[in-house]
$ cat run24.cif   # mmCIF, N, CA and C atoms
data_upload
loop_
_atom_site.label_atom_id
_atom_site.label_comp_id
_atom_site.auth_asym_id
_atom_site.auth_seq_id
_atom_site.Cartn_x
_atom_site.Cartn_y
_atom_site.Cartn_z
N MET A 24 -24.69 -10.95 -12.99
CA MET A 24 -23.93 -11.05 -11.75
C MET A 24 -24.52 -10.04 -10.76
N SER A 25 -24.69 -10.47 -9.55
CA SER A 25 -25.26 -9.56 -8.55
C SER A 25 -24.24 -8.50 -8.18
N THR A 26 -24.74 -7.40 -7.64
CA THR A 26 -23.86 -6.33 -7.18
C THR A 26 -22.92 -6.83 -6.11
N ASP A 27 -23.42 -7.70 -5.22
CA ASP A 27 -22.61 -8.24 -4.14
C ASP A 27 -21.44 -9.05 -4.70
N ASN A 28 -21.71 -9.93 -5.67
CA ASN A 28 -20.64 -10.73 -6.26
C ASN A 28 -19.65 -9.86 -7.02
N SER A 29 -20.15 -8.87 -7.71
CA SER A 29 -19.30 -7.96 -8.46
C SER A 29 -18.36 -7.21 -7.52
N LEU A 30 -18.90 -6.74 -6.42
CA LEU A 30 -18.10 -6.03 -5.43
C LEU A 30 -17.04 -6.95 -4.83
N ARG A 31 -17.42 -8.17 -4.51
CA ARG A 31 -16.48 -9.14 -3.94
C ARG A 31 -15.34 -9.44 -4.92
N GLU A 32 -15.67 -9.64 -6.17
CA GLU A 32 -14.64 -9.91 -7.18
C GLU A 32 -13.69 -8.73 -7.33
N HIS A 33 -14.23 -7.53 -7.32
CA HIS A 33 -13.39 -6.34 -7.46
C HIS A 33 -12.50 -6.17 -6.24
N LEU A 34 -13.02 -6.42 -5.06
CA LEU A 34 -12.22 -6.33 -3.85
C LEU A 34 -11.08 -7.34 -3.88
N LEU A 35 -11.34 -8.56 -4.29
CA LEU A 35 -10.28 -9.56 -4.41
C LEU A 35 -9.22 -9.12 -5.42
N TYR A 36 -9.67 -8.57 -6.52
CA TYR A 36 -8.75 -8.04 -7.54
C TYR A 36 -7.82 -6.99 -6.93
N LEU A 37 -8.37 -6.06 -6.16
CA LEU A 37 -7.58 -5.00 -5.55
C LEU A 37 -6.64 -5.56 -4.49
N LEU A 38 -7.12 -6.48 -3.67
CA LEU A 38 -6.29 -7.05 -2.61
C LEU A 38 -5.14 -7.89 -3.16
N GLN A 39 -5.30 -8.40 -4.35
CA GLN A 39 -4.25 -9.20 -4.98
C GLN A 39 -3.33 -8.35 -5.83
N GLY A 40 -3.42 -7.03 -5.70
CA GLY A 40 -2.51 -6.13 -6.40
C GLY A 40 -3.03 -5.58 -7.70
N GLY A 41 -4.22 -5.93 -8.07
CA GLY A 41 -4.79 -5.43 -9.32
C GLY A 41 -5.02 -3.93 -9.25
N GLY A 42 -4.69 -3.25 -10.33
CA GLY A 42 -4.92 -1.82 -10.40
C GLY A 42 -3.81 -0.98 -9.77
N ALA A 43 -2.90 -1.62 -9.05
CA ALA A 43 -1.81 -0.88 -8.41
C ALA A 43 -0.72 -0.59 -9.45
N HIS A 44 -0.09 0.54 -9.30
CA HIS A 44 1.01 0.88 -10.21
C HIS A 44 2.25 0.07 -9.87
N VAL A 45 2.45 -0.19 -8.59
CA VAL A 45 3.59 -0.96 -8.12
C VAL A 45 3.09 -1.89 -7.03
N ASP A 46 3.53 -3.14 -7.07
CA ASP A 46 3.09 -4.05 -6.03
C ASP A 46 3.84 -3.78 -4.71
N PHE A 47 3.22 -4.16 -3.62
CA PHE A 47 3.73 -3.87 -2.28
C PHE A 47 5.16 -4.38 -2.09
N GLU A 48 5.42 -5.61 -2.48
CA GLU A 48 6.76 -6.19 -2.29
C GLU A 48 7.84 -5.39 -2.99
N SER A 49 7.54 -4.89 -4.18
CA SER A 49 8.53 -4.09 -4.92
C SER A 49 8.84 -2.78 -4.21
N VAL A 50 7.83 -2.21 -3.56
CA VAL A 50 8.02 -0.94 -2.87
C VAL A 50 8.91 -1.10 -1.63
N VAL A 51 8.67 -2.14 -0.86
CA VAL A 51 9.38 -2.29 0.42
C VAL A 51 10.66 -3.11 0.32
N LYS A 52 10.89 -3.78 -0.79
CA LYS A 52 12.02 -4.69 -0.95
C LYS A 52 13.36 -4.06 -0.58
N ASP A 53 13.68 -2.93 -1.12
CA ASP A 53 14.99 -2.29 -0.90
C ASP A 53 14.88 -1.00 -0.11
N PHE A 54 13.80 -0.85 0.65
CA PHE A 54 13.63 0.39 1.42
C PHE A 54 14.69 0.46 2.51
N PRO A 55 15.43 1.58 2.61
CA PRO A 55 16.47 1.69 3.63
C PRO A 55 15.89 1.80 5.04
N LEU A 56 16.12 0.79 5.86
CA LEU A 56 15.54 0.74 7.19
C LEU A 56 15.98 1.89 8.09
N GLU A 57 17.15 2.45 7.83
CA GLU A 57 17.63 3.55 8.69
C GLU A 57 16.81 4.83 8.57
N ILE A 58 15.96 4.92 7.56
CA ILE A 58 15.13 6.13 7.42
C ILE A 58 13.65 5.86 7.64
N ILE A 59 13.30 4.67 8.11
CA ILE A 59 11.89 4.30 8.22
C ILE A 59 11.13 5.18 9.22
N ASN A 60 11.83 5.76 10.20
CA ASN A 60 11.15 6.61 11.19
C ASN A 60 11.47 8.10 11.02
N LEU A 61 12.03 8.47 9.88
CA LEU A 61 12.32 9.88 9.61
C LEU A 61 11.20 10.50 8.78
N LYS A 62 10.91 11.75 9.05
CA LYS A 62 9.91 12.48 8.28
C LYS A 62 10.60 13.32 7.23
N ALA A 63 10.04 13.33 6.03
CA ALA A 63 10.53 14.22 4.99
C ALA A 63 10.04 15.63 5.31
N GLU A 64 10.76 16.62 4.84
CA GLU A 64 10.38 18.01 5.08
C GLU A 64 8.96 18.26 4.57
N HIS A 65 8.16 18.92 5.39
CA HIS A 65 6.77 19.28 5.07
C HIS A 65 5.82 18.07 4.98
N VAL A 66 6.23 16.92 5.48
CA VAL A 66 5.38 15.73 5.49
C VAL A 66 5.21 15.29 6.94
N PRO A 67 3.97 15.21 7.42
CA PRO A 67 3.76 14.89 8.83
C PRO A 67 3.90 13.41 9.19
N TYR A 68 4.16 12.56 8.20
CA TYR A 68 4.20 11.12 8.44
C TYR A 68 5.57 10.54 8.13
N THR A 69 5.92 9.49 8.85
CA THR A 69 7.11 8.72 8.53
C THR A 69 6.68 7.58 7.59
N PRO A 70 7.62 6.96 6.91
CA PRO A 70 7.24 5.78 6.11
C PRO A 70 6.57 4.70 6.97
N TRP A 71 6.99 4.57 8.22
CA TRP A 71 6.38 3.58 9.10
C TRP A 71 4.91 3.92 9.36
N HIS A 72 4.60 5.20 9.56
CA HIS A 72 3.20 5.61 9.74
C HIS A 72 2.35 5.20 8.53
N VAL A 73 2.87 5.40 7.35
CA VAL A 73 2.14 5.07 6.13
C VAL A 73 1.91 3.56 6.06
N LEU A 74 2.95 2.80 6.39
CA LEU A 74 2.83 1.35 6.37
C LEU A 74 1.79 0.87 7.39
N GLU A 75 1.81 1.42 8.58
CA GLU A 75 0.82 1.05 9.58
C GLU A 75 -0.60 1.38 9.12
N HIS A 76 -0.75 2.50 8.45
CA HIS A 76 -2.06 2.91 7.97
C HIS A 76 -2.60 1.94 6.91
N MET A 77 -1.70 1.44 6.08
CA MET A 77 -2.11 0.52 5.03
C MET A 77 -2.66 -0.75 5.62
#
$ encode --input "run24.cif" --output "structure tokens"
Amino acid sequence: MSTDNSLREHLLYLLQGGGAHVDFESVVKDFPLEIINLKAEHVPYTPWHVLEHM
């Protein structure tokens, strides 16, 4: 298998949730919307910032 094909297959694996400890839907499913723009102490980002970055 060429390096290019191997890289493509691995990228598809990652984009489909492979290798993740928790899938995206499980993380955001019950997230409380009232805190989406609040920063935790000593953390410069809000949950919304992290989501936008992803």
$ atom_distance --input "run24.cif" --atom1 "atom C of A:Val45" --atom2 "atom CA of A:Val73"
14.9 Å
$ select_by_dssp --input "run24.cif" --residues "chain A" --states "helix (DSSP H, G or I)" --output "PyMOL selection string"
chain A and resi 26-38+47-51+56-58+70-76
$ atom_distance --input "run24.cif" --atom1 "atom CA of A:Lys52" --atom2 "atom CA of A:Tyr36"
22.0 Å
$ resolve_selection --input "run24.cif" --expression "the PyMOL selection byres ((chain A and resi 59) around 6)" --output "list in words"
Pro55, Leu56, Glu57, Ile58, Asn60, Leu61, Thr69, Pro70 and Trp71 of chain A
$ atom_distance --input "run24.cif" --atom1 "atom C of A:His72" --atom2 "atom CA of A:His33"
25.2 Å
$ axis_aligned_box --input "run24.cif" --around "stretch 39-47 of chain A" --padding-each-side "4 Å" --output "AutoDock Vina command-line options"
--center_x -0.1 --center_y -4.2 --center_z -6.2 --size_x 18.5 --size_y 18.1 --size_z 16.3
